Amino acid sequence: MTKYGLVIDQERCIGCHACAVTCKQENNVPMGQFWNRVLTEGGDHIDTPSGTFPDPGEASTLDMAYQPTACQHCENAPCVKVCPVNATYTRDDGIVEIDYDKCIGCRYCMAACPYNARVFNWDEPEQMPEEGTGDVPARPQGVVEKCTFCSHRVEEGLDPACVVNCPADARIFGDLDDETSTVTKYIDRYETDRLLEDRGTDPKTYYISGEMSPGRPQRSEKLESELDERPSASNSDDDADSGGDEGGYGDSGASHSLDGDPMPHVPAVKQGGDD
Amino acid sequence: MAKSRLASLFGGTTDGFFYGIDTNVGQGFHRVAGNLWGAFLPPTNAPTDWKNCRTIIAWGSDILRSQFQMDSEHFLEALRNGAKLVVVDPMYTTTAAKADLWLPIEPGKDAYLALAMMQVVLDEGLHDEEFLRARTTAPALVRTDTGELLRASDVSAAGDDESVVAMNSETNDVEALAPETDGSYALLGEYTVDGIETKTSLTVLKEHVDGYTPEDVADVADLNPDDVRTAARWLATRGPGGILPSYGVGRYIYGHVFGQAYAILMALTGDYGNSGNIHNQHGNLWGGNQALQVGDYTSPGTESESVSASPTTGVGYKDVISAIEDGQFDVIYAMESNMLVNQFPDRKRWIESLKNVDLIAWADMHHTPSVQHADLILPAAHWFEKEDIVPSYSHPHITYRHKVHDPLWEAKSDYWIMDKLAAHLGHEDAFLGDKHEELRMLVDRDDRLDFEELYEEGTVEMDYQTIMYQDEFGTETGRLELYDDAPPVESGPGLDEEVSLELPKPLEARTDDDYEKSDKYPLVFMQKHGVFRIHSQYEMNSWVREVNTEPQLDINPKDAKTRGIDDGDYVRVHNDKGEMVVKAKYNDGIKPGLINTDQGWWDRDYVRGHHNDLTDSEVAEVGRTFAFYDTRVEVELAPDDVDTSNYTGGNPVGANAEKTGGD
Amino acid sequence: MTGPQQPKLTPLPEWDAEADAILDGVEYDADLGKRMARDAIRVSNGEMTDAEFHEKYHEEVLEEFGQDDRPTKPEGFEDD
């Protein structure tokens, strides 16, 4: 089976909101709404720490980190259980998705979601620009919407937009059921947490803290524009096939690797993930 | 390029950063290391090499906010590889949050800290003796009587006037110092040569920095002396390392002293020319190879047959203002710039000065505050609406940018506009009239490139140097010059007397507690480069504006509460020059006594006033650079009658703005 | 408008007020939504089984929505 999941390395995350904004663009998210937000763990505002400024010469107690937060794609999703019309459902690949044709706007799912990851189109959605953006049709007024792990991209063998466009390589997407995938390796190797684990929702979004991971391996030959010319990158299960030209500036991502593992990137054996 | 070529047709004046913006710290650094690259921050190893750095001192740089797009992955890779990160900043920034050691320095005290770190390195004997002998003037002898460097001609009739000399401790004789030459030169000590009493330059430096112990400096700069020692030891003993400043320290009027100081500090630790060294936060200007080499295109006359040219005059931004005020310009043609009326300090002075200009024409794709002062507005095409060849300072590639959309409405490309302008000025042949062909002609001038390849590939990687400072330095001696016996003299604001800068001496203007108006205006006002804009760009990016809705004032709750200011209150920030009204944002990460509003906001974003109504356009003798942070203000609750309804009513677009489309 | 600092991860006591706000003015039974949402977390926690959850709300859901297509339906459950 395939079970898609996301690893977010908070040691790498720089709180730039690129994931939040690119999500909005890719998914045609209306003005006033975000499917993906970058929370500051610290003070009450963006980019403010907890603690108080140290007195001269005293040790600092200030602390700040960033926690990008979207739908956690729970295995045990309460939103799915409360939906009376089965509009919110879990796909075979583990992605929690909404059938907007079925959604009647009762918002029970929003009340049930412990992560406040869902938004409701209270008004007629307004896009910027008006004709909309990205590769996903706009949703009507009166339905609930949320992150889909960019399922439309995943189905084409591409990582979600937030993953591809993270300048800190802090987001890694892949198949949690595949023991050779980067996400699985990182979860094994690094200290990870999931949000509100005590609620038993079993989220498929993992947060690394403590030791920094190598992040998402970015290789020039994996860029979307070149996908067509390099079908082997997403169809082959030959790990050795992932190399491009060695040594150039664009290949600097090759330095991102686990010890003894020259290239953590694992070509997807199935559709989607780890591109 | 076309702009410069156009100006050359009639001998126009063009403006530039040099001097005025971003040129402060670099000028101090270049005094020590040689003026290799102009006045900006010094060259640094390519970011791909940063992973080899063992200690990074990010000094007044929030690189993960202000330069993240290309370099954050390299910076993070260094940390992952075990580099120690020290952050020197009066604000607990995103970068500071990832630091092993944060030094929450008092604003304006950076030169003190650099001197204290030198004191630690020399006091504990952590300096790199081999490097100092071979590549610096540390062994060069200084005359005790005159303070001048001993020259070869002082000690030998055959000696020249330029060469500095050192004592060879094996031969007990003096030798002229050649670049890149190791020898048994005495680094420390006093020597009488031909009856002349001398000390080595390093001895003079050591005596100087002994006045800046970590204890002394900790007191001045609100630091912990142990932290100062730790930072110095990490840099000196953990292998190759570097100091990574941005333009922040150069936003204080005497920021160049810090440039001089950290260049010398890194000389003491031998951090030049190795893999793993860092000298600046962006990997820029790698030999200039990433720019097209087009010969005399911008100043035609020798090669070009049909175009006659007149020399243009370059004027640095710091001098542009007085030139405008003096009525030197009848016409200003501006393009793609929002500097004059938004980004320059002392904004009202600039606005007033523009009355002296008969005609102002402005080509821009946005209706910026500056455009609004034009007599003629020329709607320029967006960069996606025209083809072009683009260099970069953050990666070593030349890029061919293809047009993806026709210009909307009446917009025209800048090239089209300049071609027509040239024709009206009687120079029909100045441009080919076809941008594509013009670009082909330019690329044909550059031997390294093939037009078809660049056009098809889109991106071509140019040669670049990964490790900098491997050769002789660009100074008179070819060495890093620790002691300057012909120093510049600084006599600017805040200084009671002239100060000559043989060695770095901490100088301050308004950040100094003794500044005459520090009682009336107790807060230092910084305008950081935020993450949501590149200077004043992306004002109209509606999505980003939903995250970053309006200008805010980072203020420590302690400073706010003593003024009766609650989190989220609108406040009036003011000094003798002007005011701005913004929303207060409690931030425990900003040092009490310091406040911040990110720069780049347009006048229409402010409930009232503007951040650059508070700043001063005064510059220092040596720095010659606008000192945005050298600003003092007071903050109070905004008067009851301010109208904040556009923000409090939930319109994220701007307090004084119509709702507009996206970028 | 979802603020950039939302969502907070809400502790349960505060969740109560938040759920009220979410369901305020809804065209369906807000009280039912809230009770179901709270129990859905209990199901996730293992304090309640899918079957118990399904059974507990089946009648009310049918009455309110005219259908009950929740995936929690246990095998053999009489769907009338």
# chains A, B, ... in the order shown; residues from 1 in each chain; ligands from 1
>>> select_by_dssp(residues="chain C", states="alpha helix (DSSP H)", output="PyMOL selection string")
chain C and resi 12-23+30-45+50-65
>>> residues_around(residues="C:Glu52", least_positions_apart="2", cutoff="12 Å", atoms="only C-alpha atoms", output="list in words")
Lys81 of chain A; Met36, Asp39, Ala40, Arg42, Val43, Gly46, Glu47, Met48, Thr49, Asp50, His54, Glu55, Lys56, Tyr57, His58, Thr72, Lys73, Pro74 and Phe77 of chain C
>>> atom_distance(atom1="atom CA of B:Trp102", atom2="atom CA of A:Ser50")
15.3 Å
>>> closest_residue(among="B:Val547, B:Ala231, B:Leu454, B:Leu421", to="chain C", atoms="only C-alpha atoms")
B:Val547
>>> interface_residues(of="chain B", to="chain A", cutoff="6 Å", atoms="only C-alpha atoms", output="JSON, numbers by chain")
{"B": [69, 72, 73, 80, 97, 222, 223, 224, 587, 588, 589]}
>>> closest_residue(among="C:Ala30, C:Ala21, C:Ala37, C:Leu62", to="chain A", atoms="only C-alpha atoms")
C:Ala37
>>> residues_around(residues="stretch 474-486 of chain B", least_positions_apart="4", cutoff="10 Å", atoms="only C-alpha atoms", output="short mmCIF file (atom, residue, chain, number, x, y, z; two decimals) with N, CA and C atoms, in the first residue's frame")
data_model
loop_
_atom_site.label_atom_id
_atom_site.label_comp_id
_atom_site.auth_asym_id
_atom_site.auth_seq_id
_atom_site.Cartn_x
_atom_site.Cartn_y
_atom_site.Cartn_z
N HIS B 30 37.99 47.36 2.89
CA HIS B 30 38.94 47.51 1.79
C HIS B 30 40.17 48.32 2.18
N ARG B 31 40.05 49.13 3.22
CA ARG B 31 41.24 49.84 3.71
C ARG B 31 42.30 48.83 4.14
N VAL B 32 41.85 47.69 4.66
CA VAL B 32 42.77 46.67 5.16
C VAL B 32 43.17 45.69 4.06
N ALA B 33 42.17 45.29 3.26
CA ALA B 33 42.39 44.18 2.32
C ALA B 33 42.65 44.64 0.90
N GLY B 34 42.58 45.93 0.65
CA GLY B 34 42.81 46.40 -0.71
C GLY B 34 41.50 46.57 -1.44
N ASN B 35 41.45 47.59 -2.25
CA ASN B 35 40.18 47.91 -2.89
C ASN B 35 39.98 47.06 -4.13
N LEU B 36 39.68 45.79 -3.88
CA LEU B 36 39.57 44.85 -4.98
C LEU B 36 38.25 44.98 -5.73
N TRP B 37 37.22 45.33 -5.04
CA TRP B 37 35.89 45.16 -5.61
C TRP B 37 35.01 46.38 -5.40
N LEU B 132 50.11 35.59 9.60
CA LEU B 132 50.43 37.00 9.86
C LEU B 132 51.79 37.36 9.26
N ARG B 133 52.73 36.43 9.31
CA ARG B 133 54.06 36.73 8.75
C ARG B 133 54.03 36.80 7.23
N ALA B 134 53.28 35.87 6.63
CA ALA B 134 53.34 35.74 5.17
C ALA B 134 52.40 36.70 4.44
N ARG B 135 51.26 37.01 5.05
CA ARG B 135 50.23 37.68 4.25
C ARG B 135 49.72 38.99 4.84
N THR B 136 50.33 39.43 5.94
CA THR B 136 49.86 40.69 6.54
C THR B 136 51.05 41.58 6.87
N THR B 137 50.76 42.80 7.26
CA THR B 137 51.82 43.71 7.69
C THR B 137 52.05 43.63 9.19
N ALA B 138 51.58 42.56 9.82
CA ALA B 138 51.78 42.44 11.28
C ALA B 138 53.24 42.66 11.68
N PRO B 139 54.23 42.10 10.90
CA PRO B 139 55.63 42.32 11.33
C PRO B 139 56.20 43.68 10.91
N ALA B 140 55.47 44.44 10.12
CA ALA B 140 56.02 45.72 9.64
C ALA B 140 56.30 46.65 10.82
N LEU B 141 57.45 47.28 10.80
CA LEU B 141 57.86 48.11 11.93
C LEU B 141 57.26 49.51 11.83
N VAL B 142 56.82 50.01 12.98
CA VAL B 142 56.23 51.34 13.07
C VAL B 142 57.17 52.23 13.89
N ARG B 143 57.48 53.39 13.35
CA ARG B 143 58.37 54.31 14.08
C ARG B 143 57.65 54.87 15.30
N THR B 146 57.32 59.00 14.93
CA THR B 146 56.36 59.64 14.02
C THR B 146 55.06 58.88 13.86
N GLY B 147 55.05 57.64 14.30
CA GLY B 147 53.85 56.83 14.07
C GLY B 147 53.76 56.34 12.64
N GLU B 148 54.79 56.58 11.85
CA GLU B 148 54.77 56.11 10.48
C GLU B 148 55.46 54.76 10.37
N LEU B 149 55.08 54.04 9.35
CA LEU B 149 55.74 52.76 9.10
C LEU B 149 57.18 53.03 8.66
N LEU B 150 58.07 52.22 9.15
CA LEU B 150 59.46 52.31 8.73
C LEU B 150 59.54 51.83 7.29
N GLU B 162 58.56 52.96 -0.73
CA GLU B 162 57.27 52.30 -0.53
C GLU B 162 57.34 51.11 0.42
N SER B 163 58.38 50.30 0.24
CA SER B 163 58.41 49.02 0.97
C SER B 163 58.45 49.24 2.48
N VAL B 164 57.63 48.48 3.16
CA VAL B 164 57.70 48.47 4.62
C VAL B 164 58.68 47.37 5.01
N LEU B 177 59.39 43.87 3.22
CA LEU B 177 58.35 42.83 3.16
C LEU B 177 57.77 42.75 1.75
N ALA B 178 57.89 41.57 1.16
CA ALA B 178 57.27 41.33 -0.14
C ALA B 178 55.93 40.64 0.10
N PRO B 179 55.03 40.77 -0.85
CA PRO B 179 53.74 40.08 -0.69
C PRO B 179 53.93 38.57 -0.66
N GLU B 180 53.06 37.91 0.03
CA GLU B 180 53.00 36.44 -0.02
C GLU B 180 54.35 35.81 0.25
N THR B 181 55.05 36.33 1.23
CA THR B 181 56.38 35.80 1.51
C THR B 181 56.53 35.53 2.99
N THR B 200 56.68 46.50 16.18
CA THR B 200 55.97 45.86 15.07
C THR B 200 54.52 46.37 15.04
N SER B 201 53.93 46.28 13.88
CA SER B 201 52.53 46.70 13.75
C SER B 201 51.64 45.89 14.69
N LEU B 202 51.96 44.61 14.82
CA LEU B 202 51.14 43.78 15.69
C LEU B 202 51.26 44.23 17.14
N VAL B 204 51.78 47.33 18.08
CA VAL B 204 50.96 48.55 18.19
C VAL B 204 49.48 48.17 18.29
N LEU B 205 49.09 47.19 17.49
CA LEU B 205 47.69 46.74 17.54
C LEU B 205 47.38 46.14 18.90
N GLN B 260 36.77 47.92 8.97
CA GLN B 260 38.22 47.87 9.21
C GLN B 260 38.54 46.86 10.32
N ALA B 261 37.74 46.86 11.35
CA ALA B 261 38.02 46.02 12.52
C ALA B 261 37.86 44.53 12.20
N ALA B 263 38.03 43.07 9.34
CA ALA B 263 39.06 42.63 8.39
C ALA B 263 40.34 42.28 9.14
N ILE B 264 40.68 43.08 10.15
CA ILE B 264 41.90 42.83 10.93
C ILE B 264 41.71 41.60 11.83
N LEU B 265 40.53 41.50 12.44
CA LEU B 265 40.26 40.34 13.29
C LEU B 265 40.44 39.03 12.51
N ALA B 267 42.25 38.67 9.92
CA ALA B 267 43.68 38.52 9.62
C ALA B 267 44.38 37.83 10.79
N LEU B 268 44.03 38.22 12.01
CA LEU B 268 44.65 37.60 13.18
C LEU B 268 44.37 36.10 13.23
N TYR B 272 41.60 33.90 5.67
CA TYR B 272 41.54 34.35 4.28
C TYR B 272 42.14 33.26 3.41
N TYR B 469 40.60 35.27 -2.03
CA TYR B 469 41.78 35.75 -1.28
C TYR B 469 42.94 34.77 -1.30
N SER B 500 41.76 60.20 13.85
CA SER B 500 42.43 59.53 12.74
C SER B 500 42.45 58.04 13.00
N LEU B 501 42.30 57.29 11.93
CA LEU B 501 41.99 55.87 12.08
C LEU B 501 43.14 54.97 11.63
N GLU B 502 44.31 55.15 12.28
CA GLU B 502 45.42 54.23 12.03
C GLU B 502 44.98 52.80 12.32
N LEU B 503 44.25 52.69 13.39
CA LEU B 503 43.66 51.42 13.83
C LEU B 503 42.18 51.69 14.08
N PRO B 504 41.36 50.66 14.09
CA PRO B 504 39.93 50.91 14.31
C PRO B 504 39.66 51.48 15.70
#
>>> interface_residues(of="chain A", to="chain C", cutoff="9 Å", atoms="only C-alpha atoms", output="MDAnalysis selection string")
chainID A and resid 31:34 37:40 44:46 69:70 76:87 89 105:117 119:120 195:196 198:202
>>> write_last_selection(atoms="C-alpha atoms", output="mmCIF file, in the first residue's frame")
data_model
loop_
_atom_site.group_PDB
_atom_site.id
_atom_site.type_symbol
_atom_site.label_atom_id
_atom_site.label_comp_id
_atom_site.auth_asym_id
_atom_site.auth_seq_id
_atom_site.Cartn_x
_atom_site.Cartn_y
_atom_site.Cartn_z
ATOM 1 C CA MET A 31 -8.493 35.632 -0.618
ATOM 2 C CA GLY A 32 -8.840 35.662 3.123
ATOM 3 C CA GLN A 33 -8.047 31.959 3.405
ATOM 4 C CA PHE A 34 -4.925 29.868 3.887
ATOM 5 C CA ARG A 37 0.046 28.626 7.650
ATOM 6 C CA VAL A 38 3.399 29.212 9.255
ATOM 7 C CA LEU A 39 2.908 29.551 12.979
ATOM 8 C CA THR A 40 5.573 31.052 15.169
ATOM 9 C CA ASP A 44 1.981 35.971 20.347
ATOM 10 C CA HIS A 45 2.956 37.363 16.958
ATOM 11 C CA ILE A 46 4.755 36.225 13.871
ATOM 12 C CA THR A 69 0.641 23.820 9.822
ATOM 13 C CA ALA A 70 -1.892 22.462 7.358
ATOM 14 C CA ASN A 76 -7.616 8.359 12.351
ATOM 15 C CA ALA A 77 -9.220 11.515 11.094
ATOM 16 C CA PRO A 78 -12.086 12.802 13.247
ATOM 17 C CA CYS A 79 -13.257 15.006 10.380
ATOM 18 C CA VAL A 80 -13.904 11.908 8.294
ATOM 19 C CA LYS A 81 -15.899 10.243 11.054
ATOM 20 C CA VAL A 82 -18.290 13.122 11.606
ATOM 21 C CA CYS A 83 -19.088 13.898 7.986
ATOM 22 C CA PRO A 84 -22.713 12.826 7.613
ATOM 23 C CA VAL A 85 -22.560 12.792 3.810
ATOM 24 C CA ASN A 86 -19.106 11.205 3.429
ATOM 25 C CA ALA A 87 -17.806 14.272 1.585
ATOM 26 C CA TYR A 89 -12.962 10.802 3.062
ATOM 27 C CA GLY A 105 -21.364 22.980 4.518
ATOM 28 C CA CYS A 106 -22.427 21.705 7.947
ATOM 29 C CA ARG A 107 -18.929 22.464 9.292
ATOM 30 C CA TYR A 108 -19.023 19.495 11.696
ATOM 31 C CA CYS A 109 -15.618 18.520 10.296
ATOM 32 C CA MET A 110 -14.220 21.919 11.209
ATOM 33 C CA ALA A 111 -15.394 21.554 14.767
ATOM 34 C CA ALA A 112 -13.915 18.064 14.919
ATOM 35 C CA CYS A 113 -10.497 18.957 13.471
ATOM 36 C CA PRO A 114 -8.111 19.562 16.382
ATOM 37 C CA TYR A 115 -5.686 21.411 14.100
ATOM 38 C CA ASN A 116 -8.074 24.054 12.756
ATOM 39 C CA ALA A 117 -6.755 23.087 9.356
ATOM 40 C CA VAL A 119 -11.523 26.795 6.169
ATOM 41 C CA PHE A 120 -15.104 27.536 5.209
ATOM 42 C CA LEU A 195 0.953 17.483 16.670
ATOM 43 C CA LEU A 196 -1.416 16.654 19.532
ATOM 44 C CA ASP A 198 -2.611 12.588 22.721
ATOM 45 C CA ARG A 199 -5.715 13.009 20.602
ATOM 46 C CA GLY A 200 -4.999 9.727 18.893
ATOM 47 C CA THR A 201 -5.515 11.113 15.423
ATOM 48 C CA ASP A 202 -2.329 9.488 14.089
#
>>> residues_around(residues="A:Tyr190", least_positions_apart="5", cutoff="12 Å", atoms="only C-alpha atoms", output="MDAnalysis selection string")
chainID A and resid 7:11 182:185 206:215 258
>>> atom_distance(atom1="atom CA of B:Arg54", atom2="atom CA of B:Lys591")
28.4 Å
>>> atom_distance(atom1="atom CA of B:Thr269", atom2="atom CA of B:Ile243")
11.1 Å
>>> select_by_dssp(residues="stretch 160-216 of chain A", states="strand (DSSP E)", output="PDB file with N, CA and C atoms, in the first residue's frame")
ATOM      1  N   ARG A 171      10.941  20.627   3.768  1.00  0.00           N
ATOM      2  CA  ARG A 171       9.753  19.779   3.645  1.00  0.00           C
ATOM      3  C   ARG A 171      10.076  18.596   2.743  1.00  0.00           C
ATOM      4  N   ILE A 172       9.740  17.415   3.213  1.00  0.00           N
ATOM      5  CA  ILE A 172      10.025  16.196   2.458  1.00  0.00           C
ATOM      6  C   ILE A 172       8.747  15.382   2.402  1.00  0.00           C
ATOM      7  N   PHE A 173       8.372  14.989   1.180  1.00  0.00           N
ATOM      8  CA  PHE A 173       7.123  14.268   0.974  1.00  0.00           C
ATOM      9  C   PHE A 173       7.439  12.876   0.466  1.00  0.00           C
ATOM     10  N   GLY A 174       6.630  11.912   0.828  1.00  0.00           N
ATOM     11  CA  GLY A 174       6.867  10.578   0.291  1.00  0.00           C
ATOM     12  C   GLY A 174       5.959   9.537   0.912  1.00  0.00           C
ATOM     13  N   ASP A 175       6.292   8.305   0.648  1.00  0.00           N
ATOM     14  CA  ASP A 175       5.452   7.169   1.026  1.00  0.00           C
ATOM     15  C   ASP A 175       5.936   6.593   2.354  1.00  0.00           C
ATOM     16  N   THR A 192      11.343  12.938  15.790  1.00  0.00           N
ATOM     17  CA  THR A 192      10.172  13.600  15.212  1.00  0.00           C
ATOM     18  C   THR A 192       9.019  13.623  16.206  1.00  0.00           C
ATOM     19  N   ASP A 193       8.181  14.612  16.037  1.00  0.00           N
ATOM     20  CA  ASP A 193       6.939  14.719  16.806  1.00  0.00           C
ATOM     21  C   ASP A 193       5.798  14.880  15.833  1.00  0.00           C
ATOM     22  N   THR A 205       1.788  13.806   9.265  1.00  0.00           N
ATOM     23  CA  THR A 205       2.739  14.908   9.160  1.00  0.00           C
ATOM     24  C   THR A 205       3.657  14.859  10.370  1.00  0.00           C
ATOM     25  N   TYR A 206       4.955  14.792  10.113  1.00  0.00           N
ATOM     26  CA  TYR A 206       5.970  14.628  11.157  1.00  0.00           C
ATOM     27  C   TYR A 206       6.851  15.869  11.212  1.00  0.00           C
ATOM     28  N   TYR A 207       7.210  16.286  12.412  1.00  0.00           N
ATOM     29  CA  TYR A 207       8.047  17.468  12.598  1.00  0.00           C
ATOM     30  C   TYR A 207       9.375  17.058  13.221  1.00  0.00           C
ATOM     31  N   ILE A 208      10.453  17.362  12.519  1.00  0.00           N
ATOM     32  CA  ILE A 208      11.790  17.084  13.058  1.00  0.00           C
ATOM     33  C   ILE A 208      12.224  18.251  13.931  1.00  0.00           C
TER      34      ILE A 208
END
>>> residues_around(residues="B:Asn280", least_positions_apart="6", cutoff="8 Å", atoms="only C-alpha atoms", output="VMD selection string")
chain B and resid 41 to 44 243 to 246
>>> closest_residue(among="B:Met580, B:Ala99, B:Val635, B:Ile321", to="B:Pro345", atoms="only C-alpha atoms")
B:Ile321
>>> decode(residues="stretch 414-485 of chain B", atoms="C-alpha atoms", output="PDB file, in the first residue's frame")
ATOM      1  CA  ASP B 414      12.160  50.074 -21.387  1.00  0.00           C
ATOM      2  CA  TYR B 415      14.177  49.181 -24.446  1.00  0.00           C
ATOM      3  CA  TRP B 416      11.386  50.358 -26.738  1.00  0.00           C
ATOM      4  CA  ILE B 417      11.117  53.603 -24.808  1.00  0.00           C
ATOM      5  CA  MET B 418      14.842  54.298 -24.898  1.00  0.00           C
ATOM      6  CA  ASP B 419      15.108  53.516 -28.581  1.00  0.00           C
ATOM      7  CA  LYS B 420      12.419  56.071 -29.302  1.00  0.00           C
ATOM      8  CA  LEU B 421      13.966  58.597 -26.938  1.00  0.00           C
ATOM      9  CA  ALA B 422      17.334  58.225 -28.632  1.00  0.00           C
ATOM     10  CA  ALA B 423      15.732  58.744 -32.018  1.00  0.00           C
ATOM     11  CA  HIS B 424      14.052  61.938 -30.833  1.00  0.00           C
ATOM     12  CA  LEU B 425      17.409  63.121 -29.619  1.00  0.00           C
ATOM     13  CA  GLY B 426      18.758  62.639 -33.135  1.00  0.00           C
ATOM     14  CA  HIS B 427      20.411  59.278 -32.588  1.00  0.00           C
ATOM     15  CA  GLU B 428      18.321  56.982 -34.755  1.00  0.00           C
ATOM     16  CA  ASP B 429      21.162  54.494 -34.922  1.00  0.00           C
ATOM     17  CA  ALA B 430      21.947  54.263 -31.238  1.00  0.00           C
ATOM     18  CA  PHE B 431      19.857  51.144 -30.867  1.00  0.00           C
ATOM     19  CA  LEU B 432      18.943  48.506 -33.381  1.00  0.00           C
ATOM     20  CA  GLY B 433      15.261  48.959 -32.685  1.00  0.00           C
ATOM     21  CA  ASP B 434      14.792  45.252 -32.153  1.00  0.00           C
ATOM     22  CA  LYS B 435      15.466  43.969 -28.658  1.00  0.00           C
ATOM     23  CA  HIS B 436      16.114  40.418 -29.730  1.00  0.00           C
ATOM     24  CA  GLU B 437      18.734  41.527 -32.232  1.00  0.00           C
ATOM     25  CA  GLU B 438      20.217  43.964 -29.741  1.00  0.00           C
ATOM     26  CA  LEU B 439      20.632  41.125 -27.253  1.00  0.00           C
ATOM     27  CA  ARG B 440      22.208  38.963 -29.922  1.00  0.00           C
ATOM     28  CA  MET B 441      24.647  41.741 -30.741  1.00  0.00           C
ATOM     29  CA  LEU B 442      25.519  42.129 -27.053  1.00  0.00           C
ATOM     30  CA  VAL B 443      26.120  38.426 -26.566  1.00  0.00           C
ATOM     31  CA  ASP B 444      28.248  38.360 -29.718  1.00  0.00           C
ATOM     32  CA  ARG B 445      30.497  40.905 -28.027  1.00  0.00           C
ATOM     33  CA  ASP B 446      31.134  38.481 -25.175  1.00  0.00           C
ATOM     34  CA  ASP B 447      33.631  35.819 -26.231  1.00  0.00           C
ATOM     35  CA  ARG B 448      32.518  33.429 -23.520  1.00  0.00           C
ATOM     36  CA  LEU B 449      28.978  33.054 -24.755  1.00  0.00           C
ATOM     37  CA  ASP B 450      27.161  31.713 -27.750  1.00  0.00           C
ATOM     38  CA  PHE B 451      23.849  33.413 -28.362  1.00  0.00           C
ATOM     39  CA  GLU B 452      22.002  30.371 -29.646  1.00  0.00           C
ATOM     40  CA  GLU B 453      23.170  28.260 -26.715  1.00  0.00           C
ATOM     41  CA  LEU B 454      22.175  30.879 -24.171  1.00  0.00           C
ATOM     42  CA  TYR B 455      18.839  31.405 -25.880  1.00  0.00           C
ATOM     43  CA  GLU B 456      18.052  27.706 -26.026  1.00  0.00           C
ATOM     44  CA  GLU B 457      19.467  26.619 -22.676  1.00  0.00           C
ATOM     45  CA  GLY B 458      18.126  29.637 -20.834  1.00  0.00           C
ATOM     46  CA  THR B 459      20.908  29.496 -18.273  1.00  0.00           C
ATOM     47  CA  VAL B 460      24.663  29.279 -18.662  1.00  0.00           C
ATOM     48  CA  GLU B 461      26.991  28.809 -15.723  1.00  0.00           C
ATOM     49  CA  MET B 462      29.974  31.138 -15.895  1.00  0.00           C
ATOM     50  CA  ASP B 463      33.399  30.445 -14.475  1.00  0.00           C
ATOM     51  CA  TYR B 464      33.749  31.545 -10.928  1.00  0.00           C
ATOM     52  CA  GLN B 465      36.201  31.356  -8.112  1.00  0.00           C
ATOM     53  CA  THR B 466      35.114  29.219  -5.172  1.00  0.00           C
ATOM     54  CA  ILE B 467      37.802  30.279  -2.714  1.00  0.00           C
ATOM     55  CA  MET B 468      38.654  33.952  -2.541  1.00  0.00           C
ATOM     56  CA  TYR B 469      41.776  35.753  -1.276  1.00  0.00           C
ATOM     57  CA  GLN B 470      44.261  33.177  -2.488  1.00  0.00           C
ATOM     58  CA  ASP B 471      46.490  35.723  -4.178  1.00  0.00           C
ATOM     59  CA  GLU B 472      48.344  38.857  -3.270  1.00  0.00           C
ATOM     60  CA  PHE B 473      46.075  41.484  -1.731  1.00  0.00           C
ATOM     61  CA  GLY B 474      45.234  44.683  -3.584  1.00  0.00           C
ATOM     62  CA  THR B 475      46.945  46.924  -1.048  1.00  0.00           C
ATOM     63  CA  GLU B 476      50.137  48.874  -1.589  1.00  0.00           C
ATOM     64  CA  THR B 477      52.127  46.182   0.222  1.00  0.00           C
ATOM     65  CA  GLY B 478      50.186  43.293  -1.295  1.00  0.00           C
ATOM     66  CA  ARG B 479      49.433  42.278   2.267  1.00  0.00           C
ATOM     67  CA  LEU B 480      46.554  42.786   4.659  1.00  0.00           C
ATOM     68  CA  GLU B 481      47.423  46.102   6.250  1.00  0.00           C
ATOM     69  CA  LEU B 482      46.855  46.047   9.980  1.00  0.00           C
ATOM     70  CA  TYR B 483      48.226  49.487  10.675  1.00  0.00           C
ATOM     71  CA  ASP B 484      47.548  52.457   8.418  1.00  0.00           C
ATOM     72  CA  ASP B 485      50.137  55.225   8.730  1.00  0.00           C
TER      73      ASP B 485
END
